[in-house]
Amino acid sequence: MQYAIEFNSASVIDGPTVLLKNITFSVPHGGKALITGPTGSGKSSVLLALMGAYPVVNGTVYYDGTPVTSETVSILRKSIGYIAQEPVLGEGTVREGLLMPFTFRANRSRAPSETAIHDAFDRLQLPRALLDRDISLVSGGEKQRIAIARTLLLGKNVFVVDEITSALDEASNSVVLDLFTQSRATVLAVSHHPRWSERFDMRIKMERGAVTTVTDSRKDGNEQYA
Amino acid sequence: MNNTLDIGLPGLLAMYVMLLAPLAIMAFFIRGLVKKTVVSIVRMSVQLTLVGIYLRYIFEFNNAYVNIAWVLVMIVVASVNVLGTGGLNRKLLLSRTVLGIGLSTLIVLSVFILAGVRPEPLYDARYMIPLGGMVLGNCMRGNVISLERFFSGIRDNRKEYMSSLFMGATIREACRPWLRKALSSALTPTVSTMATMGIVSLPGMMTGQILGGSNPLTAIKYQIAIMIAIFVAVSLGAWLNLNLCMRSGFDERGMLRRDILR
């Protein structure tokens with residue numbers, strides 16, 4: 001079976017530091033997988049390894065059946081929607097920040113219409129008036145939702161998201177959670193929020209750079225030990 | 001034309017004695033800088049003395065090949081200095097920096113000499129070497145700023161850079177904000193110098209020519225020409241070098257190499 005995302009005994013380093021040891025798990029197309037674990041257990045590193053930020057020294061990381069290597073990484077980055085915990089929106093107005101990635105050649109043809117922008121803002125319950133505000137005046141929670149809106153506008157069908165509701169209240173958290181869990185997209189997320197854990201089919205538990213358990217609720221809670 | 005008053009040895013010594021004042025201030029407030037300053041003063045004195053002796057022979061000899069070779073040596077030394085001062089990886093960047101600084105300096109110097117001054121012979125050391133030195137010195141300063149700002153900007157804003165990269169940007173696209181900042185910080189000093197020139201300070205070249213007995217109007221024409229030459233060389237050099245060096249600063253995955261900055 002070809003998975004959307006697959007880590008096969010992958011070990012990852014950053015300079016002299018071993019970030020991930022022997023990681024194995026796979027997420028099918030359309031699957032929703034949540035990585036949990038204490039701070040410093042390597043959750044974010046898994047996401048960054050998939051995005052090709054670090055070299056894989058042992059094993060393989062696959063995206064859509066293709067190994068993530070220096071040759072394939074730029075293609076992969078064009079098709080994954082990655083959102084960091086502290087999103088970077090750039091300088092200027094929210095609209096400028098929102099449209100910034102569309103100045104890149106890879107996204108130029110996808111530049112969104114005003115209607116699409118409004119639609120994305122409505123879905124995330126962001127007031128449209130925010131569009132003309134300066135980014136420096138926008139709150140952390142709004143920034144997170146603007147970054148999500150921007151990634152939605154980029155039209156990806158795989159999302160890799162890192163604690164993206166950490167600055168959101170319960171209501172906004174639910175909106176974002178619904179958005180991801182009800183979509184057809186493949187989602188690999190890191191979150192500490194208990195509601196996320198309830199709603200995702202797969203839970204990957206990590207500790208000290210290694211996967212301890214993988215649970216898949218669609219397989220009747222059948223636990224696979226890594 | 002040779003009517004400049006010579007500075008006697010006691011006179012020069014008096015100038016050195018004056019250095020005690022800043023050194024005393026440093027000893028109290030920024031002790032760490034004293035040693036560095038003394039080394040710099042000694043280096044300046046020794047280098048200039050050697051160059052003075054060397055230039056006398058070069059001017060007498062005035063051979064095209066020797067003159068050009070001297071300019072090339074200056075280009076290599078300037079490039080080594082750019083990478084050293086900027087704390088950048090010499091092994092990775094030296095050949096590119098030599099190419100960038102060399103090209104920009106040689107283009108500007110050629111126009112200056114072949115179209116502007118037209119000395120007889122064209123390779124006359126009295127023109128080629130001091131003009132080359134002035135252009136190169138400024139080009140060097142501009143490149144230290146632009147390359148250092150560029151790479152340290154990306155290192156200090158890794159998240160911003162990666163965010164663009166992860167949204168599908170090419171390395172060049174993701175680098176754009178720091179490219180812009182680096183170029184502007186390299187050019188700003190020259191732009192502001194040009195704006196105040198003649199009012200705040202009488203520039204070095206003009207002062208030198210006036211002391212040497214030149215007509216102030218000739219001196220001004222030289223000063224305008226050299227300022228334009230410097231500005232063109234700094235912008236061209238900074239732009240060329242950023243473009244040449246950019247790719248070497250990143251690994252195959254587009255991440256900034258750890259060893260690019262010391």
# chains A, B, ... in the order shown; residues from 1 in each chain; ligands from 1
>>> closest_atom_pairs(of="chain B", to="chain A", cutoff="8 Å", atoms="only C-alpha atoms", output="tab-separated table")
residue	atom	partner	partner_atom	distance
B:Lys159	CA	A:Val88	CA	7.4
B:Glu160	CA	A:Val88	CA	5.8
B:Ser163	CA	A:Val88	CA	6.7
B:Ser164	CA	A:Pro101	CA	6.9
B:Leu165	CA	A:Arg77	CA	7.5
B:Phe166	CA	A:Arg77	CA	5.3
B:Met167	CA	A:Lys78	CA	6.4
B:Gly168	CA	A:Lys78	CA	4.5
B:Ala169	CA	A:Phe104	CA	5.4
B:Thr170	CA	A:Phe104	CA	7.6
B:Glu173	CA	A:Phe104	CA	6.5
B:Glu252	CA	A:Ser70	CA	5.3
B:Arg253	CA	A:Ser70	CA	5.0
B:Gly254	CA	A:Ala53	CA	8.0
B:Met255	CA	A:Ala53	CA	6.6
>>> residues_around(residues="region 35-45 of chain B", least_positions_apart="6", cutoff="12 Å", atoms="only C-alpha atoms", output="ChimeraX atom specification")
/B:12-13,15-16,19-20,22-24,26-27,51-52
>>> select_by_dssp(residues="region 196-248 of chain B", states="helix (DSSP H, G or I)", output="ChimeraX atom specification")
/B:196,204-211,216-248
>>> select_by_dssp(residues="region 104-224 of chain A", states="strand (DSSP E)", output="MDAnalysis selection string")
chainID A and resid 158:162 186:190 202:207 210:216 222:224
>>> write_last_selection(atoms="N, CA and C atoms", output="short mmCIF file (atom, residue, chain, number, x, y, z; two decimals), in the first residue's frame")
data_model
loop_
_atom_site.label_atom_id
_atom_site.label_comp_id
_atom_site.auth_asym_id
_atom_site.auth_seq_id
_atom_site.Cartn_x
_atom_site.Cartn_y
_atom_site.Cartn_z
N VAL A 158 -2.26 18.02 1.64
CA VAL A 158 -1.59 17.40 2.78
C VAL A 158 -1.19 18.55 3.72
N PHE A 159 -1.56 18.42 4.98
CA PHE A 159 -1.20 19.47 5.93
C PHE A 159 -0.32 18.91 7.02
N VAL A 160 0.75 19.65 7.31
CA VAL A 160 1.65 19.28 8.38
C VAL A 160 1.65 20.46 9.33
N VAL A 161 1.05 20.28 10.49
CA VAL A 161 0.81 21.45 11.35
C VAL A 161 1.33 21.22 12.76
N ASP A 162 1.97 22.27 13.30
CA ASP A 162 2.66 22.16 14.57
C ASP A 162 2.03 23.08 15.63
N THR A 186 -4.90 14.78 3.96
CA THR A 186 -4.08 14.05 4.91
C THR A 186 -3.54 15.07 5.90
N VAL A 187 -3.61 14.75 7.19
CA VAL A 187 -3.13 15.71 8.19
C VAL A 187 -2.18 15.01 9.15
N LEU A 188 -1.00 15.59 9.31
CA LEU A 188 -0.06 15.14 10.34
C LEU A 188 0.13 16.33 11.27
N ALA A 189 -0.32 16.15 12.52
CA ALA A 189 -0.34 17.30 13.42
C ALA A 189 0.39 17.01 14.72
N VAL A 190 0.90 18.09 15.32
CA VAL A 190 1.40 18.02 16.68
C VAL A 190 0.47 18.90 17.50
N MET A 202 -5.36 8.53 14.21
CA MET A 202 -4.08 7.91 14.57
C MET A 202 -3.36 8.75 15.60
N ARG A 203 -2.79 8.09 16.60
CA ARG A 203 -2.01 8.82 17.58
C ARG A 203 -0.61 8.21 17.67
N ILE A 204 0.37 9.06 17.48
CA ILE A 204 1.76 8.59 17.52
C ILE A 204 2.39 9.20 18.77
N LYS A 205 2.74 8.32 19.71
CA LYS A 205 3.29 8.82 20.96
C LYS A 205 4.82 8.80 20.88
N MET A 206 5.42 9.90 21.30
CA MET A 206 6.89 9.97 21.21
C MET A 206 7.53 10.27 22.55
N GLU A 207 8.75 9.81 22.67
CA GLU A 207 9.55 10.11 23.85
C GLU A 207 11.02 10.08 23.46
N ALA A 210 12.10 9.10 19.95
CA ALA A 210 11.68 7.82 19.39
C ALA A 210 10.16 7.66 19.54
N VAL A 211 9.56 6.84 18.68
CA VAL A 211 8.13 6.57 18.77
C VAL A 211 7.93 5.45 19.79
N THR A 212 7.05 5.65 20.77
CA THR A 212 6.81 4.58 21.74
C THR A 212 5.59 3.75 21.33
N THR A 213 4.47 4.39 20.99
CA THR A 213 3.32 3.62 20.51
C THR A 213 2.63 4.34 19.37
N VAL A 214 2.00 3.53 18.52
CA VAL A 214 1.16 4.08 17.45
C VAL A 214 -0.22 3.46 17.61
N THR A 215 -1.25 4.29 17.76
CA THR A 215 -2.60 3.78 17.92
C THR A 215 -3.44 4.22 16.73
N ASP A 216 -4.22 3.30 16.18
CA ASP A 216 -5.08 3.67 15.06
C ASP A 216 -6.51 3.27 15.41
N ASN A 222 -6.65 -1.06 17.83
CA ASN A 222 -5.54 -2.00 17.74
C ASN A 222 -4.21 -1.28 17.88
N GLU A 223 -3.43 -1.62 18.88
CA GLU A 223 -2.18 -0.90 19.13
C GLU A 223 -1.01 -1.55 18.41
N GLN A 224 -0.27 -0.73 17.72
CA GLN A 224 0.96 -1.25 17.13
C GLN A 224 2.11 -0.67 17.92
#
>>> residues_around(residues="Asp124 (chain B)", least_positions_apart="5", cutoff="12 Å", atoms="only C-alpha atoms", output="count of residues only")
20
>>> atom_distance(atom1="CA of Gln85 (chain A)", atom2="CA of His192 (chain A)")
11.9 Å
>>> residues_around(residues="region 118-131 of chain A", least_positions_apart="2", cutoff="10 Å", atoms="only C-alpha atoms", output="PyMOL selection string")
chain A and resi 93-98+112-116+133-135+137-138+142+145-146+148-153+171-173+175-176+179
>>> write_last_selection(atoms="N, CA, C and O atoms", output="CSV table (one decimal), in the first residue's frame")
chain,number,residue,atom,x,y,z
A,93,THR,N,0.8,44.8,5.7
A,93,THR,CA,-0.6,44.5,6.1
A,93,THR,C,-0.9,43.0,6.1
A,93,THR,O,-0.1,42.2,5.5
A,94,VAL,N,-2.0,42.6,6.8
A,94,VAL,CA,-2.4,41.2,6.8
A,94,VAL,C,-2.5,40.7,5.3
A,94,VAL,O,-2.1,39.6,5.0
A,95,ARG,N,-3.1,41.5,4.5
A,95,ARG,CA,-3.4,41.1,3.1
A,95,ARG,C,-2.0,40.8,2.4
A,95,ARG,O,-1.9,39.8,1.7
A,96,GLU,N,-1.0,41.7,2.7
A,96,GLU,CA,0.3,41.5,2.0
A,96,GLU,C,0.9,40.2,2.5
A,96,GLU,O,1.5,39.4,1.8
A,97,GLY,N,0.8,39.9,3.8
A,97,GLY,CA,1.3,38.7,4.4
A,97,GLY,C,0.6,37.4,3.8
A,97,GLY,O,1.2,36.4,3.5
A,98,LEU,N,-0.7,37.6,3.6
A,98,LEU,CA,-1.5,36.5,3.1
A,98,LEU,C,-1.1,36.2,1.7
A,98,LEU,O,-1.1,35.0,1.3
A,112,PRO,N,-5.1,33.9,-5.0
A,112,PRO,CA,-6.6,33.8,-4.8
A,112,PRO,C,-7.3,35.1,-5.1
A,112,PRO,O,-6.8,36.1,-5.1
A,113,SER,N,-8.6,34.9,-5.4
A,113,SER,CA,-9.5,36.0,-5.7
A,113,SER,C,-9.9,36.6,-4.3
A,113,SER,O,-9.7,36.0,-3.3
A,114,GLU,N,-10.4,37.8,-4.4
A,114,GLU,CA,-10.9,38.5,-3.1
A,114,GLU,C,-12.0,37.6,-2.5
A,114,GLU,O,-12.0,37.4,-1.3
A,115,THR,N,-12.8,37.0,-3.3
A,115,THR,CA,-13.9,36.1,-2.8
A,115,THR,C,-13.3,34.9,-2.0
A,115,THR,O,-13.8,34.6,-0.9
A,116,ALA,N,-12.3,34.4,-2.6
A,116,ALA,CA,-11.6,33.2,-2.0
A,116,ALA,C,-11.0,33.6,-0.6
A,116,ALA,O,-11.1,32.9,0.4
A,133,ARG,N,-5.2,45.6,8.3
A,133,ARG,CA,-4.5,45.9,9.5
A,133,ARG,C,-3.0,45.6,9.3
A,133,ARG,O,-2.7,44.6,8.6
A,134,ASP,N,-2.2,46.3,10.1
A,134,ASP,CA,-0.7,46.0,10.0
A,134,ASP,C,-0.5,44.7,10.8
A,134,ASP,O,-1.0,44.5,11.9
A,135,ILE,N,0.3,43.8,10.3
A,135,ILE,CA,0.6,42.5,10.9
A,135,ILE,C,1.1,42.7,12.3
A,135,ILE,O,0.7,41.9,13.2
A,137,LEU,N,0.1,44.6,14.5
A,137,LEU,CA,-0.9,44.9,15.5
A,137,LEU,C,-1.9,43.7,15.7
A,137,LEU,O,-2.9,43.8,16.4
A,138,VAL,N,-1.6,42.6,15.0
A,138,VAL,CA,-2.5,41.4,15.1
A,138,VAL,C,-2.1,40.5,16.2
A,138,VAL,O,-0.9,40.3,16.5
A,142,GLU,N,-4.9,35.4,16.3
A,142,GLU,CA,-5.3,35.8,14.9
A,142,GLU,C,-4.2,35.4,13.9
A,142,GLU,O,-4.5,34.9,12.8
A,145,ARG,N,-4.5,31.9,13.0
A,145,ARG,CA,-5.6,31.6,12.0
A,145,ARG,C,-5.4,32.2,10.7
A,145,ARG,O,-5.8,31.6,9.7
A,146,ILE,N,-4.7,33.3,10.6
A,146,ILE,CA,-4.3,33.9,9.3
A,146,ILE,C,-3.4,32.9,8.5
A,146,ILE,O,-3.6,32.7,7.3
A,148,ILE,N,-3.3,29.8,8.9
A,148,ILE,CA,-4.1,28.6,8.4
A,148,ILE,C,-4.9,29.0,7.2
A,148,ILE,O,-4.9,28.3,6.2
A,149,ALA,N,-5.5,30.2,7.2
A,149,ALA,CA,-6.2,30.7,6.0
A,149,ALA,C,-5.3,30.7,4.8
A,149,ALA,O,-5.6,30.3,3.7
A,150,ARG,N,-4.1,31.2,5.0
A,150,ARG,CA,-3.1,31.3,3.9
A,150,ARG,C,-2.8,29.9,3.3
A,150,ARG,O,-2.7,29.7,2.1
A,151,THR,N,-2.6,29.0,4.2
A,151,THR,CA,-2.3,27.6,3.8
A,151,THR,C,-3.5,27.0,3.0
A,151,THR,O,-3.3,26.3,2.0
A,152,LEU,N,-4.7,27.3,3.5
A,152,LEU,CA,-5.9,26.8,2.8
A,152,LEU,C,-5.9,27.4,1.4
A,152,LEU,O,-6.2,26.7,0.4
A,153,LEU,N,-5.6,28.7,1.3
A,153,LEU,CA,-5.6,29.4,0.0
A,153,LEU,C,-4.6,28.8,-1.0
A,153,LEU,O,-4.8,28.8,-2.2
A,171,ALA,N,-13.4,28.0,21.4
A,171,ALA,CA,-14.3,28.1,20.2
A,171,ALA,C,-13.4,28.1,18.9
A,171,ALA,O,-13.7,27.4,18.0
A,172,SER,N,-12.4,28.9,18.9
A,172,SER,CA,-11.5,28.9,17.7
A,172,SER,C,-10.8,27.6,17.5
A,172,SER,O,-10.6,27.2,16.3
A,173,ASN,N,-10.4,27.0,18.6
A,173,ASN,CA,-9.7,25.7,18.5
A,173,ASN,C,-10.7,24.7,17.8
A,173,ASN,O,-10.3,24.0,16.9
A,175,VAL,N,-13.1,25.3,15.7
A,175,VAL,CA,-13.3,25.7,14.3
A,175,VAL,C,-12.2,25.1,13.5
A,175,VAL,O,-12.4,24.5,12.5
A,176,VAL,N,-10.9,25.3,14.0
A,176,VAL,CA,-9.7,24.8,13.3
A,176,VAL,C,-9.7,23.3,13.3
A,176,VAL,O,-9.5,22.7,12.2
A,179,LEU,N,-12.2,22.0,10.8
A,179,LEU,CA,-11.7,22.3,9.5
A,179,LEU,C,-10.8,21.1,9.0
A,179,LEU,O,-10.9,20.7,7.9
>>> residues_around(residues="region 80-93 of chain B", least_positions_apart="6", cutoff="7 Å", atoms="only C-alpha atoms", output="tab-separated table (two decimals) with all heavy atoms, in the first residue's frame")
chain	number	residue	atom	x	y	z
B	140	MET	N	35.42	46.68	-1.17
B	140	MET	CA	35.68	45.71	-0.10
B	140	MET	C	34.76	45.99	1.09
B	140	MET	O	34.09	45.08	1.57
B	140	MET	CB	37.15	45.84	0.30
B	140	MET	CG	37.64	44.88	1.31
B	140	MET	SD	39.43	45.02	1.46
B	140	MET	CE	39.59	46.47	2.49
B	143	ASN	N	31.24	45.01	0.34
B	143	ASN	CA	31.03	43.56	0.29
B	143	ASN	C	31.06	42.91	1.65
B	143	ASN	O	30.36	41.94	1.89
B	143	ASN	CB	32.07	42.91	-0.62
B	143	ASN	CG	31.61	42.92	-2.06
B	143	ASN	OD1	30.70	42.18	-2.41
B	143	ASN	ND2	32.17	43.79	-2.86
B	144	VAL	N	31.89	43.44	2.55
B	144	VAL	CA	31.90	42.90	3.92
B	144	VAL	C	30.50	43.05	4.49
B	144	VAL	O	29.91	42.11	5.01
B	144	VAL	CB	32.91	43.65	4.82
B	144	VAL	CG1	32.70	43.26	6.28
B	144	VAL	CG2	34.33	43.35	4.40
B	148	GLU	N	28.02	39.75	4.95
B	148	GLU	CA	27.82	39.42	6.36
B	148	GLU	C	26.35	39.60	6.74
B	148	GLU	O	25.75	38.74	7.38
B	148	GLU	CB	28.75	40.29	7.23
B	148	GLU	CG	28.96	39.76	8.63
B	148	GLU	CD	27.86	40.14	9.59
B	148	GLU	OE1	27.19	41.18	9.38
B	148	GLU	OE2	27.62	39.40	10.55
B	245	CYS	N	27.65	34.13	-4.35
B	245	CYS	CA	27.89	33.41	-3.09
B	245	CYS	C	26.62	32.77	-2.53
B	245	CYS	O	26.70	31.86	-1.71
B	245	CYS	CB	28.47	34.34	-2.04
B	245	CYS	SG	30.10	34.93	-2.47
B	248	SER	N	26.27	28.90	-2.56
B	248	SER	CA	27.22	28.13	-1.74
B	248	SER	C	26.86	28.15	-0.27
B	248	SER	O	27.38	27.36	0.50
B	248	SER	CB	28.63	28.69	-1.85
B	248	SER	OG	28.83	29.26	-3.08
B	259	ASP	N	28.48	26.02	8.54
B	259	ASP	CA	29.87	26.46	8.50
B	259	ASP	C	30.08	27.69	7.62
B	259	ASP	O	31.20	28.09	7.37
B	259	ASP	CB	30.78	25.31	8.04
B	259	ASP	CG	30.36	24.76	6.69
B	259	ASP	OD1	29.31	25.20	6.18
B	259	ASP	OD2	31.08	23.92	6.14
B	260	ILE	N	29.00	28.29	7.15
B	260	ILE	CA	29.18	29.45	6.28
B	260	ILE	C	29.67	30.66	7.08
B	260	ILE	O	30.46	31.45	6.61
B	260	ILE	CB	27.89	29.77	5.49
B	260	ILE	CG1	28.20	30.70	4.32
B	260	ILE	CG2	26.79	30.36	6.34
B	260	ILE	CD1	28.80	30.03	3.16
B	261	LEU	N	29.20	30.78	8.31
B	261	LEU	CA	29.64	31.86	9.19
B	261	LEU	C	30.41	31.27	10.36
B	261	LEU	O	30.02	30.25	10.89
B	261	LEU	CB	28.43	32.62	9.74
B	261	LEU	CG	27.73	33.60	8.81
B	261	LEU	CD1	26.28	33.73	9.19
B	261	LEU	CD2	28.39	34.95	8.84
B	262	ARG	N	31.49	31.96	10.72
B	262	ARG	CA	32.26	31.45	11.86
B	262	ARG	C	31.59	31.84	13.17
B	262	ARG	O	31.02	32.90	13.29
B	262	ARG	CB	33.67	32.02	11.84
B	262	ARG	CG	34.59	31.24	10.92
B	262	ARG	CD	36.03	31.53	11.29
B	262	ARG	NE	36.29	32.96	11.25
B	262	ARG	CZ	36.69	33.63	10.17
B	262	ARG	NH1	36.83	32.99	9.04
B	262	ARG	NH2	36.93	34.93	10.21
>>> decode(residues="region 167-184 of chain A", atoms="C-alpha atoms", output="mmCIF file, in the first residue's frame")
data_model
loop_
_atom_site.group_PDB
_atom_site.id
_atom_site.type_symbol
_atom_site.label_atom_id
_atom_site.label_comp_id
_atom_site.auth_asym_id
_atom_site.auth_seq_id
_atom_site.Cartn_x
_atom_site.Cartn_y
_atom_site.Cartn_z
ATOM 1 C CA ALA A 167 -2.831 30.677 21.128
ATOM 2 C CA LEU A 168 -6.531 30.046 20.402
ATOM 3 C CA ASP A 169 -9.540 29.934 22.720
ATOM 4 C CA GLU A 170 -11.810 26.857 22.861
ATOM 5 C CA ALA A 171 -14.251 28.138 20.241
ATOM 6 C CA SER A 172 -11.540 28.947 17.693
ATOM 7 C CA ASN A 173 -9.748 25.704 18.479
ATOM 8 C CA SER A 174 -12.935 23.795 17.578
ATOM 9 C CA VAL A 175 -13.300 25.697 14.330
ATOM 10 C CA VAL A 176 -9.736 24.802 13.299
ATOM 11 C CA LEU A 177 -10.085 21.219 14.490
ATOM 12 C CA ASP A 178 -13.324 20.762 12.494
ATOM 13 C CA LEU A 179 -11.693 22.263 9.461
ATOM 14 C CA PHE A 180 -8.882 19.717 9.453
ATOM 15 C CA THR A 181 -10.706 16.626 10.662
ATOM 16 C CA GLN A 182 -13.660 17.090 8.305
ATOM 17 C CA SER A 183 -11.531 17.676 5.232
ATOM 18 C CA ARG A 184 -10.392 14.966 2.858
#
